Every structure is written in C-alpha cells, then in structure tokens.
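Visitor: Structure file coords_6.csv, CSV, C-alpha atoms, is pasted below:
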chain,number,residue,atom,x,y,z
A,1,MET,CA,24.7,53.6,38.6
A,2,ALA,CA,28.1,55.2,39.1
A,3,ARG,CA,31.1,53.1,38.2
A,4,THR,CA,33.5,51.9,40.9
A,5,LYS,CA,37.0,53.2,40.9
A,6,PRO,CA,39.6,51.2,39.0
A,7,SER,CA,41.3,48.6,41.1
A,8,THR,CA,45.0,48.9,42.0
A,9,ALA,CA,45.8,45.9,39.8
A,10,HIS,CA,44.1,47.4,36.8
A,11,LEU,CA,45.9,50.7,37.2
A,12,ALA,CA,49.2,48.9,37.6
A,13,LEU,CA,48.7,47.1,34.3
A,14,VAL,CA,47.8,50.3,32.6
A,15,ARG,CA,51.0,51.9,33.9
A,16,ALA,CA,53.1,48.9,32.8
A,17,LEU,CA,51.6,49.1,29.3
A,18,LYS,CA,52.3,52.9,29.2
A,19,GLU,CA,56.0,52.2,30.0
A,20,HIS,CA,56.1,50.1,26.8
A,21,GLY,CA,54.5,52.9,24.7
A,22,LEU,CA,51.0,51.3,24.7
A,23,LYS,CA,47.8,52.8,25.8
A,24,ALA,CA,44.9,51.1,27.5
A,25,THR,CA,42.2,52.3,29.9
A,26,PRO,CA,41.2,50.5,33.1
A,27,THR,CA,37.8,49.9,31.4
A,28,GLN,CA,39.5,48.1,28.5
A,29,VAL,CA,41.6,46.0,30.9
A,30,GLU,CA,38.5,45.1,32.8
A,31,ARG,CA,36.8,44.1,29.6
A,32,TRP,CA,39.7,41.9,28.6
A,33,GLN,CA,39.4,40.1,31.9
A,34,GLN,CA,35.7,39.7,31.6
A,35,ASN,CA,36.2,38.1,28.1
A,36,GLY,CA,38.6,35.6,29.6
A,37,TRP,CA,41.7,37.0,27.8
A,38,LEU,CA,43.3,37.9,31.1
A,39,PRO,CA,43.1,35.9,34.3
A,40,LYS,CA,42.0,37.2,37.6
A,41,PRO,CA,44.2,40.1,38.9
A,42,SER,CA,45.4,38.0,41.8
A,43,ALA,CA,47.4,36.0,39.2
A,44,TRP,CA,49.0,39.0,37.5
A,45,PHE,CA,51.9,39.8,39.9
A,46,GLU,CA,55.2,38.2,40.9
A,47,PRO,CA,55.0,36.6,44.4
A,48,ASP,CA,55.1,39.3,47.1
A,49,SER,CA,55.8,42.0,44.5
A,50,PRO,CA,53.9,44.7,42.7
A,51,THR,CA,55.6,43.7,39.4
A,52,ILE,CA,53.4,42.4,36.6
A,53,GLN,CA,54.5,38.9,35.5
A,54,PRO,CA,56.2,38.9,32.1
A,55,HIS,CA,53.6,36.5,30.4
A,56,ILE,CA,50.7,38.6,31.7
A,57,LEU,CA,52.4,41.8,30.4
A,58,HIS,CA,53.2,40.2,27.1
A,59,ARG,CA,49.5,39.1,26.7
A,60,ALA,CA,48.2,42.6,27.7
A,61,MET,CA,50.7,44.2,25.2
A,62,HIS,CA,49.3,42.1,22.4
A,63,LEU,CA,45.7,43.0,23.4
A,64,ALA,CA,46.6,46.7,23.5
A,65,ILE,CA,48.3,46.5,20.1
A,66,THR,CA,45.3,44.9,18.6
A,67,ALA,CA,42.9,47.4,20.2
A,68,ARG,CA,45.1,50.3,19.0
A,69,GLN,CA,44.8,49.1,15.4
A,70,GLY,CA,41.1,49.7,15.7
A,71,ARG,CA,39.8,46.2,15.2
A,72,GLY,CA,38.0,43.6,17.3
A,73,MET,CA,40.0,40.8,18.8
A,74,GLY,CA,38.5,38.3,16.4
A,75,TRP,CA,40.5,35.1,16.1
A,76,ILE,CA,43.3,36.5,18.2
A,77,GLY,CA,40.8,36.3,21.1
A,78,TRP,CA,40.2,32.7,20.1
A,79,HIS,CA,44.0,32.1,20.2
A,80,LEU,CA,44.2,33.3,23.8
A,81,TRP,CA,41.3,31.1,24.9
A,82,ALA,CA,42.9,28.1,23.2
A,83,ALA,CA,46.3,28.9,24.8
A,84,ASP,CA,44.7,28.8,28.3
A,85,ALA,CA,42.9,25.5,27.6
A,86,THR,CA,40.7,25.7,30.7
A,87,PRO,CA,37.1,24.4,30.8
A,88,ASP,CA,35.8,28.0,30.7
A,89,SER,CA,38.0,29.0,27.7
A,90,ALA,CA,37.1,25.8,25.9
A,91,GLN,CA,33.4,26.5,26.3
A,92,ARG,CA,33.9,30.1,25.1
A,93,LEU,CA,35.7,28.7,22.0
A,94,ARG,CA,32.9,26.2,21.4
A,95,THR,CA,30.2,28.9,21.5
A,96,ALA,CA,32.2,31.3,19.3
A,97,LEU,CA,33.0,28.6,16.7
A,98,VAL,CA,29.5,27.4,16.4
A,99,ALA,CA,28.2,30.9,16.0
A,100,SER,CA,30.7,31.6,13.3
A,101,LEU,CA,29.8,28.3,11.4
A,102,LYS,CA,26.1,29.2,11.6
A,103,ARG,CA,26.6,32.9,10.6
A,104,PRO,CA,25.7,32.3,6.9
A,105,LEU,CA,22.3,31.0,8.1
A,106,ALA,CA,21.9,34.0,10.4
A,107,ARG,CA,22.7,36.5,7.6
A,108,ALA,CA,20.1,34.8,5.4
A,109,GLY,CA,17.5,34.9,8.3
A,110,VAL,CA,17.4,31.1,8.5
A,111,ASP,CA,16.7,29.8,12.0
A,112,LYS,CA,16.9,26.1,11.0
A,113,ILE,CA,18.1,24.2,7.9
A,114,PRO,CA,15.2,22.3,6.3
A,115,THR,CA,15.7,18.5,6.9
A,116,GLY,CA,14.5,15.4,5.2
A,117,ASN,CA,15.0,13.4,2.0
A,118,SER,CA,11.8,14.5,0.2
A,119,ASP,CA,11.8,16.6,-2.9
A,120,ARG,CA,10.1,19.4,-0.9
A,121,ALA,CA,13.0,19.4,1.7
A,122,PHE,CA,15.6,19.3,-1.1
A,123,GLN,CA,14.0,22.3,-2.9
A,124,ALA,CA,13.7,24.1,0.4
A,125,ARG,CA,17.4,23.8,1.0
A,126,ARG,CA,18.1,25.0,-2.5
A,127,ALA,CA,16.0,28.1,-1.8
A,128,VAL,CA,17.9,28.7,1.4
A,129,ALA,CA,21.2,28.4,-0.5
A,130,ALA,CA,20.0,31.0,-3.0
A,131,ARG,CA,19.1,33.3,-0.1
A,132,MET,CA,22.6,32.9,1.4
A,133,LEU,CA,24.2,34.1,-1.8
A,134,ARG,CA,21.8,36.9,-2.5
A,135,ASN,CA,23.6,40.3,-3.0
A,136,ARG,CA,27.0,38.7,-2.3
A,137,ARG,CA,29.8,40.3,-4.2
A,138,LEU,CA,32.4,37.8,-5.4
A,139,PRO,CA,36.0,38.7,-6.2
A,140,ARG,CA,36.7,38.4,-9.9
A,141,ARG,CA,40.2,37.1,-9.3
A,142,ASP,CA,41.5,34.5,-6.9
A,143,LEU,CA,43.7,35.6,-4.0
A,144,ASP,CA,46.5,33.4,-5.4
A,145,GLU,CA,46.3,35.2,-8.7
A,146,THR,CA,46.3,38.6,-7.0
A,147,LEU,CA,49.4,37.7,-5.0
A,148,ARG,CA,51.0,36.3,-8.2
A,149,ALA,CA,50.4,39.7,-9.9
A,150,HIS,CA,52.0,41.6,-7.0
A,151,ALA,CA,55.0,39.3,-7.1
A,152,ALA,CA,55.4,39.9,-10.8
A,153,GLU,CA,55.6,43.6,-10.1
A,154,ALA,CA,58.6,42.9,-7.9
A,155,GLY,CA,60.2,40.7,-10.6
A,156,LEU,CA,59.3,37.4,-9.0
A,157,GLU,CA,57.5,34.6,-10.7
A,158,LEU,CA,55.7,32.4,-8.1
A,159,PRO,CA,55.6,28.6,-8.7
A,160,ARG,CA,52.2,27.6,-10.2
A,161,SER,CA,50.4,24.4,-9.3
A,162,PRO,CA,49.0,22.6,-12.4
A,163,GLY,CA,45.8,21.7,-10.5
A,164,ALA,CA,45.3,25.0,-8.8
A,165,LEU,CA,41.9,26.6,-9.1
A,166,PRO,CA,42.0,29.8,-11.2
A,167,ASN,CA,39.4,31.3,-8.9
A,168,VAL,CA,37.9,29.6,-5.8
A,169,PHE,CA,35.2,32.3,-5.9
A,170,HIS,CA,33.9,31.3,-9.3
A,171,GLN,CA,30.1,31.5,-9.3
A,172,ALA,CA,29.7,27.8,-10.1
A,173,LEU,CA,31.9,26.8,-7.1
A,174,VAL,CA,30.2,29.2,-4.7
A,175,ASP,CA,26.7,27.9,-5.7
A,176,ALA,CA,27.9,24.3,-5.2
A,177,GLY,CA,29.5,25.2,-1.9
A,178,ALA,CA,26.3,26.8,-0.5
A,179,ARG,CA,24.4,23.7,-1.3
A,180,LEU,CA,27.1,21.5,0.2
A,181,LEU,CA,27.0,23.6,3.4
A,182,LEU,CA,23.2,23.1,3.7
A,183,GLY,CA,22.6,19.6,2.6
A,184,GLY,CA,26.0,18.0,2.6
A,185,ALA,CA,27.0,15.2,0.2
A,186,ASP,CA,23.4,13.9,0.1
A,187,ASP,CA,22.3,17.1,-1.8
A,188,LEU,CA,25.4,17.5,-3.9
A,189,GLY,CA,26.9,14.4,-5.5
A,190,ILE,CA,30.4,14.1,-6.7
A,191,GLU,CA,29.3,14.4,-10.3
A,192,GLU,CA,27.6,17.8,-9.7
A,193,LEU,CA,30.7,19.0,-7.9
A,194,LEU,CA,33.0,17.9,-10.8
A,195,GLU,CA,30.7,19.7,-13.2
A,196,ALA,CA,31.0,22.9,-11.2
A,197,LEU,CA,34.8,22.4,-11.3
A,198,GLU,CA,34.6,22.0,-15.1
A,199,ARG,CA,32.8,25.4,-15.4
A,200,ALA,CA,35.4,27.0,-13.1
A,201,MET,CA,38.4,25.3,-14.7
A,202,PRO,CA,37.7,25.0,-18.4
A,203,ASP,CA,41.5,24.6,-19.2
A,204,HIS,CA,42.0,21.8,-16.7
A,205,THR,CA,40.0,18.9,-18.3
A,206,GLU,CA,42.7,16.3,-17.8
A,207,THR,CA,43.0,17.2,-14.1
A,208,ILE,CA,39.2,16.9,-13.6
A,209,GLU,CA,39.1,13.6,-15.5
A,210,ARG,CA,41.7,12.2,-13.2
A,211,MET,CA,39.6,13.3,-10.2
A,212,ARG,CA,36.5,11.7,-11.8
A,213,GLU,CA,38.4,8.4,-12.4
A,214,THR,CA,39.7,8.4,-8.8
A,215,HIS,CA,36.2,8.8,-7.4
A,216,ARG,CA,34.9,6.2,-9.9
A,217,GLN,CA,37.5,3.6,-8.8
A,218,ALA,CA,36.8,4.4,-5.1
A,219,GLU,CA,33.0,3.8,-5.7
A,220,LEU,CA,33.8,0.4,-7.3
A,221,ASP,CA,35.7,-0.4,-4.1
A,222,GLY,CA,32.8,0.6,-2.0
A,223,THR,CA,34.2,4.0,-0.9
A,224,ASP,CA,32.5,7.4,-1.2
A,225,LEU,CA,35.4,9.9,-1.1
A,226,LEU,CA,33.1,12.9,-0.9
A,227,ALA,CA,31.3,11.4,2.1
A,228,GLN,CA,34.6,11.3,3.9
A,229,SER,CA,35.2,15.0,3.5
A,230,PRO,CA,34.8,17.2,6.6
A,231,TRP,CA,32.2,19.1,4.7
A,232,ALA,CA,30.1,16.0,3.8
A,233,GLN,CA,27.5,16.7,6.5
A,234,GLY,CA,27.3,20.4,5.8
A,235,ILE,CA,27.0,23.0,8.6
A,236,PRO,CA,25.2,20.6,10.9
A,237,GLY,CA,28.0,18.1,10.7
A,238,MET,CA,30.7,20.8,11.3
A,239,VAL,CA,28.7,22.1,14.3
A,240,ARG,CA,28.6,18.5,15.7
A,241,THR,CA,32.3,18.2,15.2
A,242,VAL,CA,32.9,21.3,17.3
A,243,GLU,CA,30.3,20.5,19.9
A,244,THR,CA,31.5,16.9,20.5
A,245,ALA,CA,35.3,17.6,20.4
A,246,ASP,CA,37.2,17.0,23.6
A,247,ASP,CA,38.2,20.3,25.3
A,248,ARG,CA,41.9,19.6,24.9
A,249,ASP,CA,41.5,18.6,21.3
A,250,LEU,CA,39.4,21.6,20.5
A,251,CYS,CA,41.9,24.0,22.2
A,252,ARG,CA,44.8,22.3,20.5
A,253,ALA,CA,43.2,22.6,17.0
A,254,VAL,CA,42.3,26.3,17.5
A,255,HIS,CA,45.7,27.1,19.0
A,256,THR,CA,47.5,25.5,16.0
A,257,CYS,CA,45.3,27.1,13.4
A,258,THR,CA,45.5,30.6,14.8
A,259,LEU,CA,49.2,30.3,15.5
A,260,ALA,CA,49.7,29.2,11.9
A,261,THR,CA,47.6,32.0,10.5
A,262,GLY,CA,49.4,34.6,12.7
A,263,ALA,CA,52.7,33.3,11.4
A,264,LEU,CA,51.6,33.4,7.8
A,265,HIS,CA,50.2,37.0,8.2
A,266,GLU,CA,53.6,38.1,9.7
A,267,LEU,CA,55.6,36.5,6.9
A,268,MET,CA,53.3,38.0,4.2
A,269,ARG,CA,53.9,41.4,5.7
A,270,ARG,CA,57.7,40.9,5.5
A,271,SER,CA,57.4,39.5,2.0
A,272,SER,CA,57.0,43.0,0.5
A,273,ASP,CA,60.7,43.6,1.4
A,274,GLU,CA,61.8,40.0,1.0
A,275,PRO,CA,60.0,38.5,-2.1
A,276,GLU,CA,61.8,35.2,-1.6
A,277,ILE,CA,59.5,34.6,1.4
A,278,LEU,CA,56.5,34.5,-0.9
A,279,ALA,CA,58.3,32.2,-3.3
A,280,ARG,CA,59.2,29.7,-0.6
A,281,LEU,CA,55.6,29.8,0.9
A,282,ALA,CA,54.0,29.4,-2.5
A,283,GLY,CA,56.3,26.6,-3.5
A,284,ASP,CA,54.8,24.3,-0.9
A,285,VAL,CA,51.7,22.2,-1.4
A,286,MET,CA,50.1,23.8,1.6
A,287,TRP,CA,50.0,27.1,-0.2
A,288,GLN,CA,47.1,25.8,-2.3
A,289,ARG,CA,45.7,23.4,0.4
A,290,TRP,CA,45.6,26.0,3.1
A,291,ALA,CA,47.2,29.4,2.7
A,292,VAL,CA,45.2,30.9,-0.1
A,293,VAL,CA,41.9,29.1,0.8
A,294,GLY,CA,41.8,29.8,4.5
A,295,GLY,CA,45.2,30.8,6.0
A,296,ILE,CA,45.4,34.3,4.7
A,297,THR,CA,42.3,35.6,6.6
A,298,PRO,CA,40.5,38.9,6.0
A,299,GLU,CA,39.4,41.1,8.9
A,300,GLY,CA,36.1,40.5,10.7
A,301,ALA,CA,33.6,37.7,10.4
A,302,PRO,CA,35.1,36.2,7.1
A,303,GLY,CA,38.4,35.7,8.9
A,304,LEU,CA,36.6,34.0,11.9
A,305,ALA,CA,34.8,31.7,9.5
A,306,ALA,CA,38.1,30.7,7.8
A,307,VAL,CA,39.6,29.8,11.2
A,308,ALA,CA,36.5,27.9,12.2
A,309,LEU,CA,36.6,25.9,9.0
A,310,ASN,CA,40.3,25.3,9.5
A,311,THR,CA,39.6,24.0,13.0
A,312,VAL,CA,37.0,21.6,11.7
A,313,GLN,CA,39.4,20.3,9.1
A,314,TYR,CA,42.2,20.0,11.7
A,315,LEU,CA,39.8,17.9,14.0
A,316,THR,CA,38.6,15.6,11.2
A,317,GLU,CA,41.6,15.1,8.9
A,318,PRO,CA,44.7,14.0,10.8
A,319,ASP,CA,46.8,14.0,7.6
A,320,TRP,CA,45.9,17.6,6.9
A,321,ALA,CA,46.7,18.5,10.5
A,322,ALA,CA,50.1,16.9,10.2
A,323,GLU,CA,50.7,18.8,6.9
A,324,LEU,CA,49.8,22.1,8.6
A,325,GLY,CA,52.3,21.3,11.4
A,326,ARG,CA,55.0,20.7,8.7
A,327,TYR,CA,54.1,24.0,7.0
A,328,MET,CA,54.5,25.7,10.4
A,329,SER,CA,58.0,24.4,10.6
A,330,LEU,CA,58.7,25.9,7.2
A,331,MET,CA,57.3,29.3,8.4
A,332,HIS,CA,59.4,29.1,11.5
A,333,ALA,CA,62.5,28.5,9.4
A,334,LEU,CA,61.6,31.5,7.2
A,335,ASP,CA,61.1,33.6,10.3
A,336,VAL,CA,64.7,32.7,11.4
A,337,VAL,CA,66.2,33.3,7.9
A,338,TYR,CA,64.4,36.6,7.4
A,339,PRO,CA,64.2,38.1,10.9
A,340,THR,CA,62.5,41.2,12.0
A,341,HIS,CA,62.3,42.9,15.4
A,342,SER,CA,61.8,40.6,18.3
A,343,GLY,CA,58.5,39.4,19.5
A,344,THR,CA,56.7,39.2,16.2
A,345,ARG,CA,56.7,35.5,15.4
A,346,GLY,CA,53.2,34.2,14.9
A,347,GLY,CA,51.9,37.7,14.5
A,348,GLY,CA,53.2,38.5,18.0
A,349,MET,CA,51.1,35.8,19.6
A,350,GLU,CA,52.2,33.4,22.3
A,351,ALA,CA,53.5,30.1,21.1
Could you write out this structure as structure tokens?

Guide:
Amino acid sequence: MARTKPSTAHLALVRALKEHGLKATPTQVERWQQNGWLPKPSAWFEPDSPTIQPHILHRAMHLAITARQGRGMGWIGWHLWAADATPDSAQRLRTALVASLKRPLARAGVDKIPTGNSDRAFQARRAVAARMLRNRRLPRRDLDETLRAHAAEAGLELPRSPGALPNVFHQALVDAGARLLLGGADDLGIEELLEALERAMPDHTETIERMRETHRQAELDGTDLLAQSPWAQGIPGMVRTVETADDRDLCRAVHTCTLATGALHELMRRSSDEPEILARLAGDVMWQRWAVVGGITPEGAPGLAAVALNTVQYLTEPDWAAELGRYMSLMHALDVVYPTHSGTRGGGMEA
C-alpha cells in the first residue's frame, strides 16, 4: 500500500527542526507522535498561526538529537510520557516498566516464576536463577572504582565511603540477587545475604557485623528489616508495585528518576573538564545509595532496568525518594556553578 503524503503539520515541524540544525524525516515525526512522545498535530501551533509552539519544538529537538545519536529513545521516552501524565501515557509507562522488570525472565526463557513453599518449588527457583545468570559477563571492577581511577588520573582523590561495596557485581552478590529477584526474602534470608556480603567484602568484617547486629536487634523487636525492602517480594512484588500505583504517583516517580538520571549524566559529562563536579557528587551519601548503583545508566535494556528499579524504590521508600530530591538540588546547584551552553540541564530534558 502506498504511503500517504506527509501532512502540512509534519512538514512544518521538519522545517522548524532544520532551522535549528537538526534533521528528521516526516516518517520519524509520525512515529514520535504514534509513540505518544508528541501530541496530536492540532496542538503543535500557536493560535491562528503557522508557528510551532516553543514547548513542542523543544521536545521535538530533544527527540531529533537523541535519534541523531543513533540510539533508541529508551528511558528518555519514558521521561516524556511521565511529563505528560495522561491516562494514556501512564498506561504506556506501566506496560514498559513491567516489561523491563520481567526482562531477566524473558532472556532466560522463563514464562512464569515457580511458586510455592515446597522444596521442589524452591529448587525450581534456584534452577531459574542459574539460567538467568548463564553466560553473563560480570565487570571485574565496580563502577565507583573505575571512576575513582579516572579521577586519580586527573589528580583528584574522590572521597571513599567506609561501608561502600568494592564491587557490586561480585559473583556472590549477583547470585544472591538473582535468587532474591525470583523468590524474594522467603528464599534468601538475611543471614545468607550477609554471608554473600562477607565474600564480596572480606575487608569489611566490622561493617557487616554491625549490619548483622542491627538485624538481630530488629528481629528481637519483632521486625524483619529485609522483608521491608522493596525487593523483598522479588520481581512479582515489584511488578505489583508498578501495576497498582496511582497514575499520578507513577508518572511523578518516573519523571523524577529520569530527570535525576539525565542531570547526573550531564554533570558526569562536564566533570572531565571540571573534576570538582565529581568530587562534590561522590562526597554525598546518595553517590553510593543511588548514583553508582542505578543513577549512571548504561545504554539499552540495562539502563531501562536501572530506571525501572529506581522507580520501584521511589514508590516504596519515601525516605529514599526524599533523599533523591535533595541530591537533585545538589546537582542543580552544580549545574549553576559549572554552567555549559543553555538547554542542557537534566540532559536537555524538560523539567
């Protein structure tokens, strides 16, 4: 079937982008609209004028820049859905987040997590965990340590947290994490998790003993701290969190997490010329609690997974959400102190 000719509106937006040095085809613009990243063309223009509204042009420019860099929209597309906060965009977000959370199962060819409390179900979940990790290449060095080495080359020593993990990708932690994702706290008790930490952190025995004592005291008071974790119910629990969240809460969580990630990416880019940025970022507790374990996202599916996990944590841990908001204030302050060309705060995304 022959394609219809591009609409006048699509051509007008293409011309407007070209005037700003950006290239897009009418087909791309149509795809952006179909994916919900642009509204209907009737909403693009100033009243009784052929001029594209500034906020529409800004959004299209960001889409064109992302497309020009040769990558999928990824979590940037999620950010745009969250910014719109309509029932349609919330449902698109919900569907995308759930798919991302379930991706480890899909990669392992698992349609459904084995359920039940029997030994057979427990062993079946362990077998699935092993399948999830099969042929996975794990970094030998933690991201934090890699950044520390780069900073040292620039003559800057980053502050070190005494309780920081030397490598969050240590095999013992990855194995434990896979089991936690599948069976939750019921399959992986706190003692097994602490033992995994001991293997990953052989030089931090005092820190681990303090953690062990904290959990022991909580148990005596009738509290299971691990069960209170957002990961306590594994993937099924995280999926339920996303599926049952109020539309506005879900959009707010994704919008905040993606905006924070965009801001962090932009500041990390600038830090090569301004090493003090990295020192200020790393000197905050949220560097370990968020930045190096989920804020500095890689490209593709792993980056989407990181944002999905951040979203779950934002929805389930109000204190963590408040700390992320505080860290965003720090990043905004650094953006002001170490400016670059206009329009790049938050990775060029709309606030």

Visitor: Expressed in Å to a single decimal, how great is the separation between CA of Tyr327 in chain A and CA of Gly184 in chain A?

Guide: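 Separation between CA of Tyr327 in chain A and CA of Gly184 in chain A: 29.1 Å.
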
Visitor: If you measure from CA of Gln171 in chain A to CA of Ala301 in chain A, what distance in Å do you get, rounded to one decimal?

Guide: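 A separation of 20.9 Å between them.
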
Visitor: Need to verify the contact set: His10 in chain A, 8 Å, all atoms listed in the file, exclusion of same-chain residues closer than 2 positions in sequence. Can you return it as number ranges by chain?

Guide: A: 6-8, 12-14, 26, 29-30, 41

Visitor: Choose the residue, out of A:Val128, A:Leu97, A:Val336, A:Glu153, that has the smallest atom-to-atom separation from Gly109 in chain A; count all atoms listed in the file.

Guide: A:Val128

Visitor: Within 10 Å of Asp284 in chain A, counting all atoms listed in the file, which residues show up once you throw out same-chain ones fewer than 5 positions away? Write them as a ChimeraX atom specification, please.

Guide: /A:159,161,279,289,291,327,330

Visitor: Nearest to Ala321 in chain A: which of A:Ala124, A:Ile277, A:Ala333, A:Cys257 is it, counting all atoms listed in the file?

Guide: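 That would be A:Cys257, the residue with the smallest distance to Ala321 in chain A.
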
Visitor: Mind giving me the straight-line distance from CA of Pro230 in chain A to CA of Arg103 in chain A in Å, one decimal?

Guide: 18.2 Å

Visitor: Using only C-alpha atoms, which residues sit within 12 Å of Leu193 in chain A once same-chain residues fewer than 3 positions away are excluded, as a PyMOL selection string?

Guide: chain A and resi 172-180+184-190+196-200+208+211-212+215+226

Visitor: With all atoms listed in the file as the atoms that count, which of A:Gly325, A:Gly234, A:Pro275, A:Gly262 lies nearest to Ile296 in chain A?

Guide: A:Gly262

Visitor: Considering all atoms listed in the file, state which residue in the set A:Gln288, A:Gln34, A:Thr244, A:Gln233 is at the smallest distance from Thr115 in chain A.

Guide: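 The closest residue to Thr115 in chain A is A:Gln233.
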
Visitor: Taking only C-alpha atoms into account, which of A:Ala308, A:Trp81, A:Pro339, A:Leu17 comes nearest Ala99 in chain A?

Guide: A:Ala308

Visitor: Closest to Ala263 in chain A among A:Thr205, A:Gln123, A:Thr297, A:Thr51, using only C-alpha atoms?

Guide: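 Closest to Ala263 in chain A of all the choices is A:Thr297.
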